[in-house]
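Taking it in order: structure first as C-alpha cells, then the write-up.
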Amino acid sequence: MTVVAVTVDPPREGLVLREVAATSPLSAGEAASLYEAMAADAFRAVVESGGDLLVNYRPDDMLPDEHVPDGADAEREVRGLVADVLTEEEREDVRVEVQVGSTKHARVGNTLTHLLEREGENSAAVLEPDAPLVARKHVDSAAMKLRRNPVVVGPSAGGRVYYAGFTEPVDFEGAWDAPAVESVTARAVDAGYGVDFMAEQTRVRTGDDLATLVALVRARRAADRTVPAYTTAYVEQLGLRVDEEDGERVVVRG
C-alpha cells in the first residue's frame, strides 16, 4: 500500500493560485475556493483508492508574512478542509502533518525519506492538489507501477509533475527544478533506479490551464463520464466555460 502525501498550503486568498487569478476571470478569493475544491478531490481520490492519505501542509512560519494574517492557523484551516471532505470514519485513517524544510525539494524529500526510511513504508508518493482529474484509478495504477519500478512520475504540461512515487529515496536536492519531469527522472537515474510514467494530467497553475480543465470537465459531464465532484461543482457554480476571443481560447462566465 502506498502512502500518498497531498502537499497543500492553507487555502488563503492571494497565497494559492495567484497566477490563475491574474490570468483568468477568477478573483483571488474565487481562485482560493477553486484550490479548496481541487484539494478536496485529491483527498477523495486517495481515500477511495488502495493508498493511505497523508495531508502534508506548510505551516505559518514557512509562509510569506503577508499571507499570515493575525490569528492565522494553517493546521486548523487544513484540518477544517479535511473535515469538510471526509467522513469521521475516513478521517480515522488519515494523517495531517506539517511539512519540514525551507524549499520545495527539502519539504518533499523530507516527507518521502521519512516515510520510506524511518517508517519503513514499501512505497511513498507526493500528489499535487491542483491536478483534479487524478482519480482513484490513477492512484491505484501508480501503486501497481511502483511494484515493478522504484520510481513512477506523473507528468503535466510544461514539464511539470503532478505525481512522484518512490520505493527508495533519492537525492531530492533540485528534484523539482523546472522542468520537474526531467529533474525528478534525473535524480532517479543517478541513483540507478528504473522509472515509469503515468498518463499526463492537467495541473491548474494559469488561466490557460484553467481553460483546459473547464473544457475537459464540461466535455466529460456531457458524455456522462466520471468528473471530479468538488471541482466540477465549483466550475458549474461560477458558470465557467471556454470561448474564443481574438483567436485565443479564454475562460468566460455564463
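By convention here, the chains of the C-alpha cells are called A, B, ... in the order presented, each chain's residues are numbered starting at 1, and ligands are numbered starting at 1 in the order presented.
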Practice task
Looking only at strand (DSSP E) from DSSP on the backbone, list the matching residues of stretch 99-166 of chain A as JSON, numbers by chain.
Solution key: {"A": [123, 124, 125, 126, 127, 151, 152, 153, 154, 155, 156, 160, 161, 162, 163, 164, 165, 166]}
For N, CA and C atoms, I'd like the residues from the last selection saved as a PDB file, in the first residue's frame.
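result.pdb was written with the following content:
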ATOM      1  N   SER A 123       6.287   1.944  -0.198  1.00  0.00           N
ATOM      2  CA  SER A 123       6.313   2.977  -1.237  1.00  0.00           C
ATOM      3  C   SER A 123       5.626   4.227  -0.712  1.00  0.00           C
ATOM      4  N   ALA A 124       6.066   5.361  -1.225  1.00  0.00           N
ATOM      5  CA  ALA A 124       5.502   6.653  -0.809  1.00  0.00           C
ATOM      6  C   ALA A 124       5.493   7.575  -2.015  1.00  0.00           C
ATOM      7  N   ALA A 125       4.523   8.462  -2.050  1.00  0.00           N
ATOM      8  CA  ALA A 125       4.363   9.333  -3.210  1.00  0.00           C
ATOM      9  C   ALA A 125       3.886  10.700  -2.769  1.00  0.00           C
ATOM     10  N   VAL A 126       4.104  11.673  -3.640  1.00  0.00           N
ATOM     11  CA  VAL A 126       3.573  13.011  -3.436  1.00  0.00           C
ATOM     12  C   VAL A 126       2.614  13.311  -4.578  1.00  0.00           C
ATOM     13  N   LEU A 127       1.436  13.838  -4.248  1.00  0.00           N
ATOM     14  CA  LEU A 127       0.419  14.213  -5.224  1.00  0.00           C
ATOM     15  C   LEU A 127       0.108  15.683  -5.031  1.00  0.00           C
ATOM     16  N   VAL A 151      10.654   4.096  -9.203  1.00  0.00           N
ATOM     17  CA  VAL A 151      10.186   5.479  -9.302  1.00  0.00           C
ATOM     18  C   VAL A 151       9.105   5.563 -10.376  1.00  0.00           C
ATOM     19  N   VAL A 152       8.036   6.266 -10.065  1.00  0.00           N
ATOM     20  CA  VAL A 152       6.942   6.496 -11.014  1.00  0.00           C
ATOM     21  C   VAL A 152       6.637   7.987 -11.024  1.00  0.00           C
ATOM     22  N   VAL A 153       6.582   8.563 -12.228  1.00  0.00           N
ATOM     23  CA  VAL A 153       6.403  10.006 -12.373  1.00  0.00           C
ATOM     24  C   VAL A 153       5.145  10.288 -13.183  1.00  0.00           C
ATOM     25  N   GLY A 154       4.349  11.241 -12.720  1.00  0.00           N
ATOM     26  CA  GLY A 154       3.172  11.701 -13.437  1.00  0.00           C
ATOM     27  C   GLY A 154       3.431  13.077 -14.026  1.00  0.00           C
ATOM     28  N   PRO A 155       3.595  13.190 -15.350  1.00  0.00           N
ATOM     29  CA  PRO A 155       3.932  14.474 -15.971  1.00  0.00           C
ATOM     30  C   PRO A 155       2.704  15.340 -16.245  1.00  0.00           C
ATOM     31  N   SER A 156       2.947  16.631 -16.313  1.00  0.00           N
ATOM     32  CA  SER A 156       1.916  17.595 -16.681  1.00  0.00           C
ATOM     33  C   SER A 156       2.509  18.550 -17.705  1.00  0.00           C
ATOM     34  N   ARG A 160       5.931  20.044 -15.939  1.00  0.00           N
ATOM     35  CA  ARG A 160       5.601  19.933 -14.522  1.00  0.00           C
ATOM     36  C   ARG A 160       5.394  18.470 -14.135  1.00  0.00           C
ATOM     37  N   VAL A 161       5.263  18.231 -12.847  1.00  0.00           N
ATOM     38  CA  VAL A 161       4.988  16.899 -12.310  1.00  0.00           C
ATOM     39  C   VAL A 161       3.813  17.019 -11.350  1.00  0.00           C
ATOM     40  N   TYR A 162       2.813  16.133 -11.501  1.00  0.00           N
ATOM     41  CA  TYR A 162       1.685  16.157 -10.566  1.00  0.00           C
ATOM     42  C   TYR A 162       1.768  15.009  -9.556  1.00  0.00           C
ATOM     43  N   TYR A 163       2.592  14.005  -9.876  1.00  0.00           N
ATOM     44  CA  TYR A 163       2.721  12.834  -9.001  1.00  0.00           C
ATOM     45  C   TYR A 163       4.151  12.332  -9.103  1.00  0.00           C
ATOM     46  N   ALA A 164       4.718  11.933  -7.987  1.00  0.00           N
ATOM     47  CA  ALA A 164       6.017  11.274  -8.000  1.00  0.00           C
ATOM     48  C   ALA A 164       6.028  10.247  -6.879  1.00  0.00           C
ATOM     49  N   GLY A 165       6.237   8.981  -7.248  1.00  0.00           N
ATOM     50  CA  GLY A 165       6.227   7.897  -6.274  1.00  0.00           C
ATOM     51  C   GLY A 165       7.565   7.185  -6.230  1.00  0.00           C
ATOM     52  N   PHE A 166       7.911   6.672  -5.060  1.00  0.00           N
ATOM     53  CA  PHE A 166       9.226   6.061  -4.847  1.00  0.00           C
ATOM     54  C   PHE A 166       9.103   4.846  -3.933  1.00  0.00           C
TER      55      PHE A 166
END
Problem - Distance query A:Val214 at most 7 Å, only C-alpha atoms, self and fewer than 2 positions along chain excluded, as an MDAnalysis selection string - result: chainID A and resid 210:212 216:218 240:242
Please dump the current selection as a CSV table (one decimal), in the first residue's frame; keep C-alpha atoms.
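What landed in again-v9.csv:
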chain,number,residue,atom,x,y,z
A,210,LEU,CA,-8.0,26.5,-16.2
A,211,ALA,CA,-9.4,26.7,-19.7
A,212,THR,CA,-8.1,23.1,-20.3
A,216,LEU,CA,-12.5,18.7,-20.1
A,217,VAL,CA,-14.9,18.8,-17.2
A,218,ARG,CA,-17.7,20.1,-19.3
A,240,LEU,CA,-17.4,28.8,-16.4
A,241,ARG,CA,-17.0,27.8,-20.0
A,242,VAL,CA,-14.3,28.2,-22.7
Practice task
Could you check which of A:Val55, A:Val189, A:Ala32, A:Val195 is closest to A:Arg18, using only C-alpha atoms?
Solution key: A:Ala32
Practice task
Would you please give, as number ranges by chain, all residues of stretch 88-206 of chain A that DSSP assigns to helix (DSSP H, G or I) based on the backbone?
Solution key: A: 88-91, 104-118, 136-145, 157-159, 180-190
Those residues you just picked out, can you put them in a file as a CSV table (one decimal), in the first residue's frame with N, CA and C atoms?
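Contents of out34.csv, as written:
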chain,number,residue,atom,x,y,z
A,88,GLU,N,-16.2,11.1,9.4
A,88,GLU,CA,-15.4,10.9,10.6
A,88,GLU,C,-14.7,9.5,10.6
A,89,GLU,N,-15.3,8.5,10.0
A,89,GLU,CA,-14.7,7.2,9.9
A,89,GLU,C,-13.5,7.3,9.0
A,90,GLU,N,-13.6,8.0,7.9
A,90,GLU,CA,-12.5,8.1,6.9
A,90,GLU,C,-11.3,8.8,7.6
A,91,ARG,N,-11.6,9.9,8.4
A,91,ARG,CA,-10.6,10.7,9.0
A,91,ARG,C,-9.7,9.9,10.0
A,104,LYS,N,10.9,23.6,-1.6
A,104,LYS,CA,10.1,22.5,-2.1
A,104,LYS,C,10.8,21.2,-2.1
A,105,HIS,N,12.1,21.2,-2.6
A,105,HIS,CA,12.9,20.0,-2.7
A,105,HIS,C,13.0,19.4,-1.3
A,106,ALA,N,13.4,20.2,-0.3
A,106,ALA,CA,13.6,19.8,1.1
A,106,ALA,C,12.3,19.2,1.7
A,107,ARG,N,11.2,20.0,1.5
A,107,ARG,CA,10.0,19.6,2.1
A,107,ARG,C,9.5,18.2,1.6
A,108,VAL,N,9.5,18.1,0.3
A,108,VAL,CA,9.0,16.8,-0.3
A,108,VAL,C,10.0,15.7,0.0
A,109,GLY,N,11.3,16.0,-0.1
A,109,GLY,CA,12.3,15.0,0.2
A,109,GLY,C,12.2,14.5,1.6
A,110,ASN,N,12.1,15.4,2.6
A,110,ASN,CA,12.0,15.1,4.0
A,110,ASN,C,10.8,14.2,4.2
A,111,THR,N,9.6,14.5,3.6
A,111,THR,CA,8.4,13.7,3.8
A,111,THR,C,8.6,12.3,3.3
A,112,LEU,N,9.1,12.2,2.0
A,112,LEU,CA,9.2,10.9,1.4
A,112,LEU,C,10.3,10.0,2.1
A,113,THR,N,11.4,10.6,2.4
A,113,THR,CA,12.5,9.9,3.0
A,113,THR,C,12.1,9.4,4.4
A,114,HIS,N,11.4,10.2,5.2
A,114,HIS,CA,10.9,9.8,6.5
A,114,HIS,C,9.9,8.6,6.3
A,115,LEU,N,9.0,8.7,5.4
A,115,LEU,CA,8.1,7.5,5.2
A,115,LEU,C,8.8,6.3,4.8
A,116,LEU,N,9.8,6.4,3.9
A,116,LEU,CA,10.5,5.2,3.4
A,116,LEU,C,11.5,4.6,4.4
A,117,GLU,N,12.3,5.5,5.0
A,117,GLU,CA,13.4,5.0,5.9
A,117,GLU,C,13.0,4.9,7.3
A,118,ARG,N,12.3,5.9,7.9
A,118,ARG,CA,12.0,5.9,9.3
A,118,ARG,C,10.8,5.0,9.6
A,136,ARG,N,-9.2,7.9,-8.4
A,136,ARG,CA,-8.8,6.7,-7.7
A,136,ARG,C,-8.1,5.7,-8.6
A,137,LYS,N,-8.5,5.5,-9.8
A,137,LYS,CA,-7.9,4.6,-10.7
A,137,LYS,C,-6.5,5.0,-11.0
A,138,HIS,N,-6.2,6.3,-11.1
A,138,HIS,CA,-4.8,6.7,-11.4
A,138,HIS,C,-3.9,6.4,-10.2
A,139,VAL,N,-4.4,6.7,-9.0
A,139,VAL,CA,-3.6,6.4,-7.8
A,139,VAL,C,-3.3,4.9,-7.7
A,140,ASP,N,-4.3,4.1,-8.0
A,140,ASP,CA,-4.1,2.6,-7.9
A,140,ASP,C,-3.1,2.2,-9.0
A,141,SER,N,-3.3,2.8,-10.2
A,141,SER,CA,-2.4,2.4,-11.3
A,141,SER,C,-0.9,2.7,-10.9
A,142,ALA,N,-0.7,3.9,-10.3
A,142,ALA,CA,0.6,4.3,-9.9
A,142,ALA,C,1.2,3.3,-8.9
A,143,ALA,N,0.4,2.8,-8.0
A,143,ALA,CA,0.8,1.9,-7.0
A,143,ALA,C,1.2,0.6,-7.6
A,144,MET,N,0.5,0.1,-8.6
A,144,MET,CA,0.9,-1.1,-9.3
A,144,MET,C,2.2,-0.9,-10.1
A,145,LYS,N,2.4,0.3,-10.7
A,145,LYS,CA,3.7,0.5,-11.4
A,145,LYS,C,4.8,0.5,-10.4
A,157,ALA,N,1.6,19.4,-18.3
A,157,ALA,CA,2.1,20.3,-19.3
A,157,ALA,C,3.2,21.2,-18.8
A,158,GLY,N,4.1,21.6,-19.7
A,158,GLY,CA,5.2,22.5,-19.4
A,158,GLY,C,6.3,21.8,-18.6
A,159,GLY,N,6.3,20.5,-18.6
A,159,GLY,CA,7.4,19.8,-17.9
A,159,GLY,C,7.1,19.7,-16.4
A,180,ALA,N,10.4,19.9,-14.0
A,180,ALA,CA,10.5,19.0,-12.9
A,180,ALA,C,10.5,17.5,-13.4
A,181,VAL,N,9.8,17.3,-14.5
A,181,VAL,CA,9.8,15.9,-15.0
A,181,VAL,C,11.2,15.4,-15.4
A,182,GLU,N,12.0,16.3,-15.9
A,182,GLU,CA,13.4,15.9,-16.2
A,182,GLU,C,14.2,15.8,-14.9
A,183,SER,N,14.0,16.7,-14.0
A,183,SER,CA,14.8,16.8,-12.8
A,183,SER,C,14.5,15.6,-11.9
A,184,VAL,N,13.3,15.2,-11.7
A,184,VAL,CA,12.9,14.0,-10.9
A,184,VAL,C,13.5,12.8,-11.5
A,185,THR,N,13.3,12.7,-12.8
A,185,THR,CA,13.8,11.5,-13.5
A,185,THR,C,15.3,11.4,-13.4
A,186,ALA,N,16.0,12.5,-13.6
A,186,ALA,CA,17.5,12.5,-13.5
A,186,ALA,C,18.0,12.1,-12.1
A,187,ARG,N,17.3,12.5,-11.1
A,187,ARG,CA,17.7,12.0,-9.7
A,187,ARG,C,17.5,10.5,-9.6
A,188,ALA,N,16.4,10.0,-10.2
A,188,ALA,CA,16.2,8.6,-10.1
A,188,ALA,C,17.3,7.8,-10.9
A,189,VAL,N,17.6,8.3,-12.1
A,189,VAL,CA,18.6,7.6,-12.9
A,189,VAL,C,19.9,7.7,-12.3
A,190,ASP,N,20.3,8.8,-11.7
A,190,ASP,CA,21.5,9.0,-11.0
A,190,ASP,C,21.7,7.9,-9.9
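Computed from the coordinates, the atom CA of A:Arg147 to atom CA of A:Val96 distance equals 25.9 Å.
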Exercise for the section: Would you mind listing what lies within 6 Å of stretch 97-100 of chain A as a ChimeraX atom specification, with only C-alpha atoms counted and same-chain residues fewer than 5 positions away left out? Expected result: /A:56-58,107
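Between atom CA of A:Tyr230 and atom CA of A:Ala199 the interatomic distance comes to 22.0 Å.
Here atom CA of A:Thr206 stands at a distance of 26.0 Å from atom CA of A:Gly101.
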Handout entry: Shell around A:Gly254 at 12 Å using only C-alpha atoms, local window under 4 positions removed, as a ChimeraX atom specification
Key = /A:25,235-243
Handout entry: Who sits within 12 Å of A:Ala72, only C-alpha atoms, same chain under 6 positions skipped, as number ranges by chain
Key = A: 10-12, 59-61, 63, 65-66, 78
Completion exercise
In terms of only C-alpha atoms, the residue from A:Pro69, A:Pro150, A:Gly207, A:Gly80 at minimal distance from A:Ala31 is A:Gly207
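Considering only C-alpha atoms, the residue among A:Pro129, A:Ser49, A:Ala223, A:Ala191 positioned nearest to A:Thr7 is A:Pro129.
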